[in-house]
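Coordinates from coords.txt are shown below (compact mmCIF, N, CA and C atoms).
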```
# COMPACT_ATOMS: atom_id res chain seq x y z
N MET A 970 1.01 12.84 12.70
CA MET A 970 2.18 12.19 12.14
C MET A 970 3.37 13.16 12.10
N GLY A 971 3.36 14.08 12.98
CA GLY A 971 4.43 15.07 12.98
C GLY A 971 5.73 14.58 13.58
N LYS A 972 5.74 13.42 14.27
CA LYS A 972 6.96 12.96 14.95
C LYS A 972 7.68 11.89 14.15
N GLN A 973 7.61 11.92 12.85
CA GLN A 973 8.26 10.90 12.03
C GLN A 973 9.63 11.34 11.51
N HIS A 974 10.27 12.28 12.15
CA HIS A 974 11.57 12.74 11.66
C HIS A 974 12.67 11.72 11.91
N ASN A 975 12.52 10.86 12.90
CA ASN A 975 13.52 9.85 13.20
C ASN A 975 13.25 8.59 12.37
N LYS A 976 14.30 8.01 11.73
CA LYS A 976 14.13 6.83 10.88
C LYS A 976 13.59 5.65 11.67
N ILE A 977 14.04 5.44 12.87
CA ILE A 977 13.62 4.29 13.67
C ILE A 977 12.14 4.41 14.02
N ILE A 978 11.73 5.58 14.39
CA ILE A 978 10.31 5.80 14.70
C ILE A 978 9.47 5.57 13.45
N LYS A 979 9.97 6.07 12.32
CA LYS A 979 9.25 5.89 11.06
C LYS A 979 9.05 4.41 10.76
N ARG A 980 10.11 3.61 10.91
CA ARG A 980 10.02 2.18 10.59
C ARG A 980 9.04 1.48 11.52
N SER A 981 9.11 1.76 12.81
CA SER A 981 8.22 1.07 13.74
C SER A 981 6.77 1.46 13.49
N ARG A 982 6.53 2.73 13.18
CA ARG A 982 5.16 3.17 12.90
C ARG A 982 4.64 2.53 11.61
N ARG A 983 5.52 2.41 10.65
CA ARG A 983 5.13 1.77 9.39
C ARG A 983 4.78 0.31 9.61
N LYS A 984 5.58 -0.41 10.43
CA LYS A 984 5.30 -1.82 10.73
C LYS A 984 3.94 -1.95 11.41
N GLU A 985 3.68 -1.10 12.37
CA GLU A 985 2.39 -1.15 13.08
C GLU A 985 1.24 -0.87 12.12
N TYR A 986 1.44 0.09 11.24
CA TYR A 986 0.42 0.44 10.25
C TYR A 986 0.12 -0.75 9.34
N LEU A 987 1.18 -1.39 8.82
CA LEU A 987 1.00 -2.53 7.93
C LEU A 987 0.34 -3.69 8.65
N LYS A 988 0.69 -3.89 9.91
CA LYS A 988 0.08 -4.96 10.70
C LYS A 988 -1.42 -4.71 10.86
N ARG A 989 -1.79 -3.47 11.15
CA ARG A 989 -3.21 -3.12 11.28
C ARG A 989 -3.95 -3.37 9.98
N LYS A 990 -3.33 -3.00 8.86
CA LYS A 990 -3.97 -3.20 7.56
C LYS A 990 -4.15 -4.69 7.26
N LYS A 991 -3.14 -5.52 7.58
CA LYS A 991 -3.26 -6.96 7.36
C LYS A 991 -4.39 -7.54 8.19
N ASP A 992 -4.46 -7.14 9.44
CA ASP A 992 -5.53 -7.61 10.31
C ASP A 992 -6.90 -7.21 9.78
N GLN A 993 -6.96 -5.99 9.26
CA GLN A 993 -8.22 -5.52 8.71
C GLN A 993 -8.63 -6.34 7.49
N VAL A 994 -7.67 -6.67 6.63
CA VAL A 994 -7.96 -7.47 5.44
C VAL A 994 -8.41 -8.87 5.85
N LYS A 995 -7.73 -9.46 6.84
CA LYS A 995 -8.12 -10.78 7.32
C LYS A 995 -9.54 -10.77 7.88
N ALA A 996 -9.87 -9.72 8.59
CA ALA A 996 -11.21 -9.61 9.16
C ALA A 996 -12.27 -9.50 8.07
N THR A 997 -11.97 -8.72 7.02
CA THR A 997 -12.95 -8.59 5.95
C THR A 997 -13.11 -9.89 5.18
N ILE A 998 -12.02 -10.63 5.01
CA ILE A 998 -12.10 -11.93 4.32
C ILE A 998 -12.95 -12.89 5.15
N ALA A 999 -12.72 -12.94 6.44
CA ALA A 999 -13.51 -13.80 7.31
C ALA A 999 -14.97 -13.37 7.29
N LEU A 1000 -15.21 -12.08 7.25
CA LEU A 1000 -16.57 -11.57 7.21
C LEU A 1000 -17.26 -11.95 5.90
N LYS A 1001 -16.52 -11.85 4.80
CA LYS A 1001 -17.09 -12.21 3.50
C LYS A 1001 -17.43 -13.69 3.43
N LYS A 1002 -16.61 -14.53 4.06
CA LYS A 1002 -16.90 -15.96 4.05
C LYS A 1002 -18.16 -16.27 4.84
N SER A 1003 -18.38 -15.54 5.91
CA SER A 1003 -19.55 -15.80 6.74
C SER A 1003 -20.81 -15.15 6.19
N THR A 1004 -20.69 -14.10 5.39
CA THR A 1004 -21.87 -13.40 4.90
C THR A 1004 -22.66 -14.16 3.85
N PRO A 1005 -22.08 -15.00 2.99
CA PRO A 1005 -22.94 -15.71 2.06
C PRO A 1005 -24.02 -16.53 2.75
N ALA A 1006 -23.67 -17.13 3.85
CA ALA A 1006 -24.68 -17.88 4.60
C ALA A 1006 -25.75 -16.93 5.11
N LYS A 1007 -25.33 -15.77 5.58
CA LYS A 1007 -26.31 -14.81 6.07
C LYS A 1007 -27.16 -14.30 4.92
N LYS A 1008 -26.53 -14.06 3.76
CA LYS A 1008 -27.29 -13.56 2.62
C LYS A 1008 -28.31 -14.57 2.16
N THR A 1009 -27.92 -15.84 2.10
CA THR A 1009 -28.88 -16.86 1.68
C THR A 1009 -29.99 -16.98 2.70
N ALA A 1010 -29.65 -16.83 3.97
CA ALA A 1010 -30.68 -16.88 5.00
C ALA A 1010 -31.64 -15.70 4.84
N LYS A 1011 -31.08 -14.53 4.55
CA LYS A 1011 -31.93 -13.36 4.35
C LYS A 1011 -32.81 -13.53 3.14
N LYS A 1012 -32.23 -14.07 2.05
CA LYS A 1012 -33.02 -14.28 0.83
C LYS A 1012 -34.13 -15.28 1.09
N ALA A 1013 -33.80 -16.36 1.82
CA ALA A 1013 -34.82 -17.35 2.13
C ALA A 1013 -35.92 -16.74 2.99
N ALA A 1014 -35.53 -15.90 3.92
CA ALA A 1014 -36.52 -15.24 4.77
C ALA A 1014 -37.41 -14.32 3.95
N LYS A 1015 -36.80 -13.61 3.01
CA LYS A 1015 -37.59 -12.73 2.14
C LYS A 1015 -38.56 -13.53 1.30
N LYS A 1016 -38.07 -14.65 0.74
CA LYS A 1016 -38.95 -15.49 -0.08
C LYS A 1016 -40.10 -16.03 0.74
N ALA A 1017 -39.80 -16.45 1.97
CA ALA A 1017 -40.85 -16.96 2.84
C ALA A 1017 -41.86 -15.86 3.15
N ALA A 1018 -41.36 -14.67 3.38
CA ALA A 1018 -42.26 -13.55 3.66
C ALA A 1018 -43.14 -13.24 2.46
N VAL A 1019 -42.54 -13.30 1.27
CA VAL A 1019 -43.30 -13.05 0.05
C VAL A 1019 -44.36 -14.13 -0.13
N LYS A 1020 -43.97 -15.38 0.13
CA LYS A 1020 -44.93 -16.47 0.00
C LYS A 1020 -46.08 -16.30 0.99
N LYS A 1021 -45.74 -15.89 2.23
CA LYS A 1021 -46.79 -15.69 3.23
C LYS A 1021 -47.75 -14.58 2.81
N THR A 1022 -47.19 -13.48 2.32
CA THR A 1022 -48.06 -12.38 1.91
C THR A 1022 -48.90 -12.78 0.70
N ALA A 1023 -48.29 -13.55 -0.21
CA ALA A 1023 -49.05 -14.01 -1.38
C ALA A 1023 -50.17 -14.95 -0.93
N ALA A 1024 -49.87 -15.81 0.02
CA ALA A 1024 -50.89 -16.72 0.53
C ALA A 1024 -52.00 -15.94 1.23
N LYS A 1025 -51.62 -14.93 2.00
CA LYS A 1025 -52.62 -14.11 2.68
C LYS A 1025 -53.50 -13.39 1.67
N LYS A 1026 -52.87 -12.87 0.61
CA LYS A 1026 -53.64 -12.18 -0.41
C LYS A 1026 -54.61 -13.14 -1.09
N ALA A 1027 -54.12 -14.36 -1.37
CA ALA A 1027 -54.98 -15.35 -2.01
C ALA A 1027 -56.15 -15.70 -1.11
N VAL A 1028 -55.89 -15.85 0.18
CA VAL A 1028 -56.96 -16.16 1.13
C VAL A 1028 -57.97 -15.01 1.17
N LYS A 1029 -57.45 -13.78 1.18
CA LYS A 1029 -58.35 -12.63 1.20
C LYS A 1029 -59.20 -12.57 -0.07
N LYS A 1030 -58.56 -12.88 -1.22
CA LYS A 1030 -59.30 -12.86 -2.48
C LYS A 1030 -60.40 -13.90 -2.48
N THR A 1031 -60.06 -15.11 -2.05
CA THR A 1031 -61.08 -16.16 -2.04
C THR A 1031 -62.18 -15.83 -1.05
N ALA A 1032 -61.81 -15.26 0.10
CA ALA A 1032 -62.82 -14.87 1.08
C ALA A 1032 -63.72 -13.78 0.51
N ALA A 1033 -63.12 -12.85 -0.21
CA ALA A 1033 -63.90 -11.78 -0.82
C ALA A 1033 -64.83 -12.34 -1.89
N LYS A 1034 -64.33 -13.28 -2.68
CA LYS A 1034 -65.17 -13.90 -3.71
C LYS A 1034 -66.33 -14.64 -3.09
N LYS A 1035 -66.05 -15.38 -2.00
CA LYS A 1035 -67.11 -16.11 -1.32
C LYS A 1035 -68.15 -15.15 -0.76
N ALA A 1036 -67.68 -14.05 -0.19
CA ALA A 1036 -68.61 -13.06 0.36
C ALA A 1036 -69.47 -12.47 -0.73
N VAL A 1037 -68.86 -12.19 -1.89
CA VAL A 1037 -69.62 -11.64 -3.01
C VAL A 1037 -70.65 -12.64 -3.48
N LYS A 1038 -70.25 -13.89 -3.57
CA LYS A 1038 -71.19 -14.94 -3.99
C LYS A 1038 -72.34 -15.05 -3.01
N LYS A 1039 -72.03 -15.02 -1.71
CA LYS A 1039 -73.09 -15.13 -0.69
C LYS A 1039 -74.05 -13.97 -0.80
N THR A 1040 -73.53 -12.76 -0.96
CA THR A 1040 -74.42 -11.60 -1.07
C THR A 1040 -75.25 -11.68 -2.35
N ALA A 1041 -74.64 -12.18 -3.43
CA ALA A 1041 -75.38 -12.31 -4.68
C ALA A 1041 -76.50 -13.33 -4.52
N VAL A 1042 -76.21 -14.43 -3.84
CA VAL A 1042 -77.23 -15.46 -3.60
C VAL A 1042 -78.33 -14.90 -2.72
N LYS A 1043 -77.94 -14.17 -1.70
CA LYS A 1043 -78.94 -13.57 -0.80
C LYS A 1043 -79.82 -12.58 -1.56
N LYS A 1044 -79.20 -11.78 -2.43
CA LYS A 1044 -79.97 -10.79 -3.19
C LYS A 1044 -80.96 -11.47 -4.13
N THR A 1045 -80.51 -12.52 -4.83
CA THR A 1045 -81.41 -13.21 -5.76
C THR A 1045 -82.53 -13.91 -4.99
N ALA A 1046 -82.17 -14.48 -3.83
CA ALA A 1046 -83.20 -15.12 -3.02
C ALA A 1046 -84.19 -14.08 -2.52
N ALA A 1047 -83.71 -12.93 -2.13
CA ALA A 1047 -84.59 -11.86 -1.66
C ALA A 1047 -85.51 -11.38 -2.79
N LYS A 1048 -84.96 -11.28 -3.99
CA LYS A 1048 -85.77 -10.86 -5.13
C LYS A 1048 -86.88 -11.87 -5.42
N LYS A 1049 -86.52 -13.16 -5.36
CA LYS A 1049 -87.50 -14.20 -5.62
C LYS A 1049 -88.62 -14.17 -4.60
N THR A 1050 -88.23 -14.05 -3.33
CA THR A 1050 -89.26 -14.02 -2.28
C THR A 1050 -90.11 -12.76 -2.41
N ALA A 1051 -89.51 -11.66 -2.82
CA ALA A 1051 -90.27 -10.43 -3.00
C ALA A 1051 -91.27 -10.59 -4.14
N LYS A 1052 -90.84 -11.25 -5.20
CA LYS A 1052 -91.75 -11.48 -6.33
C LYS A 1052 -92.92 -12.37 -5.91
N LYS A 1053 -92.60 -13.44 -5.16
CA LYS A 1053 -93.66 -14.34 -4.69
C LYS A 1053 -94.64 -13.60 -3.79
N ALA A 1054 -94.09 -12.80 -2.90
CA ALA A 1054 -94.95 -12.04 -2.00
C ALA A 1054 -95.80 -11.05 -2.78
N ALA A 1055 -95.23 -10.45 -3.80
CA ALA A 1055 -95.98 -9.49 -4.61
C ALA A 1055 -97.10 -10.19 -5.36
N LYS A 1056 -96.82 -11.39 -5.85
CA LYS A 1056 -97.86 -12.14 -6.56
C LYS A 1056 -99.00 -12.51 -5.63
N LYS A 1057 -98.65 -12.94 -4.43
CA LYS A 1057 -99.69 -13.32 -3.46
C LYS A 1057 -100.49 -12.11 -3.01
N ALA A 1058 -99.83 -11.01 -2.82
CA ALA A 1058 -100.50 -9.82 -2.31
C ALA A 1058 -101.31 -9.12 -3.38
N ALA A 1059 -100.92 -9.26 -4.63
CA ALA A 1059 -101.64 -8.57 -5.70
C ALA A 1059 -103.02 -9.19 -5.86
N PRO A 1060 -104.02 -8.35 -5.95
CA PRO A 1060 -105.39 -8.90 -6.13
C PRO A 1060 -105.53 -9.46 -7.54
N LYS A 1061 -106.24 -10.56 -7.60
CA LYS A 1061 -106.43 -11.21 -8.90
C LYS A 1061 -107.49 -10.43 -9.68
N LYS A 1062 -107.19 -10.22 -10.94
CA LYS A 1062 -108.14 -9.49 -11.78
C LYS A 1062 -109.15 -10.48 -12.36
N GLU A 1063 -110.38 -10.10 -12.28
CA GLU A 1063 -111.41 -10.93 -12.88
C GLU A 1063 -111.93 -10.25 -14.13
N ASP A 1064 -112.03 -10.99 -15.19
CA ASP A 1064 -112.46 -10.40 -16.46
C ASP A 1064 -113.95 -10.38 -16.58
```

Could I get this file's structure written as structure tokens?
Amino acid sequence: MGKQHNKIIKRSRRKEYLKRKKDQVKATIALKKSTPAKKTAKKAAKKAAVKKTAAKKAVKKTAAKKAVKKTAVKKTAAKKTAKKAAKKAAPKKED
């Protein structure tokens, strides 16, 4: 900005500067108007992602519970069959 010694140059540079600033303000206003839609879209996407992860976690939990139940049933069934086999294999005591 060293060449501003002339009044005419100063005025023209000032006009150009103010014009750039006005354009910049207009651009930011237009950007702000368009961003709420983007923000709501982002929020909706985040909510959907959260719902998906929550659903996945719920599915995993139920699957884990089912697996635990199956193993518990298998273990109890195995114990019962082992007891039956032990009873059959054990020699009967005669008094």

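Rounded to one decimal, atom CA of A:Ala1054 and atom CA of A:Ala1036 lie 26.5 Å from each other.
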
To one decimal in Å, tell me the separation between atom N of A:Ala1033 and atom C of A:Lys1021.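 Taking atom N of A:Ala1033 and atom C of A:Lys1021, their separation equals 15.8 Å.
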
Report, in Å with one decimal, the straight-line distance from atom N of A:Thr1022 to atom C of A:Lys1038.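 For atom N of A:Thr1022 relative to atom C of A:Lys1038, the distance reads 25.8 Å.
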
Please report, as AutoDock Vina command-line options, the centre and edge lengths in Å to one decimal of an axis-aligned box covering all listed atoms of stretch 1041-1049 of chain A with 6 Å per side.
```
--center_x -81.6 --center_y -13.1 --center_z -3.3 --size_x 26.0 --size_y 16.7 --size_z 17.0
```
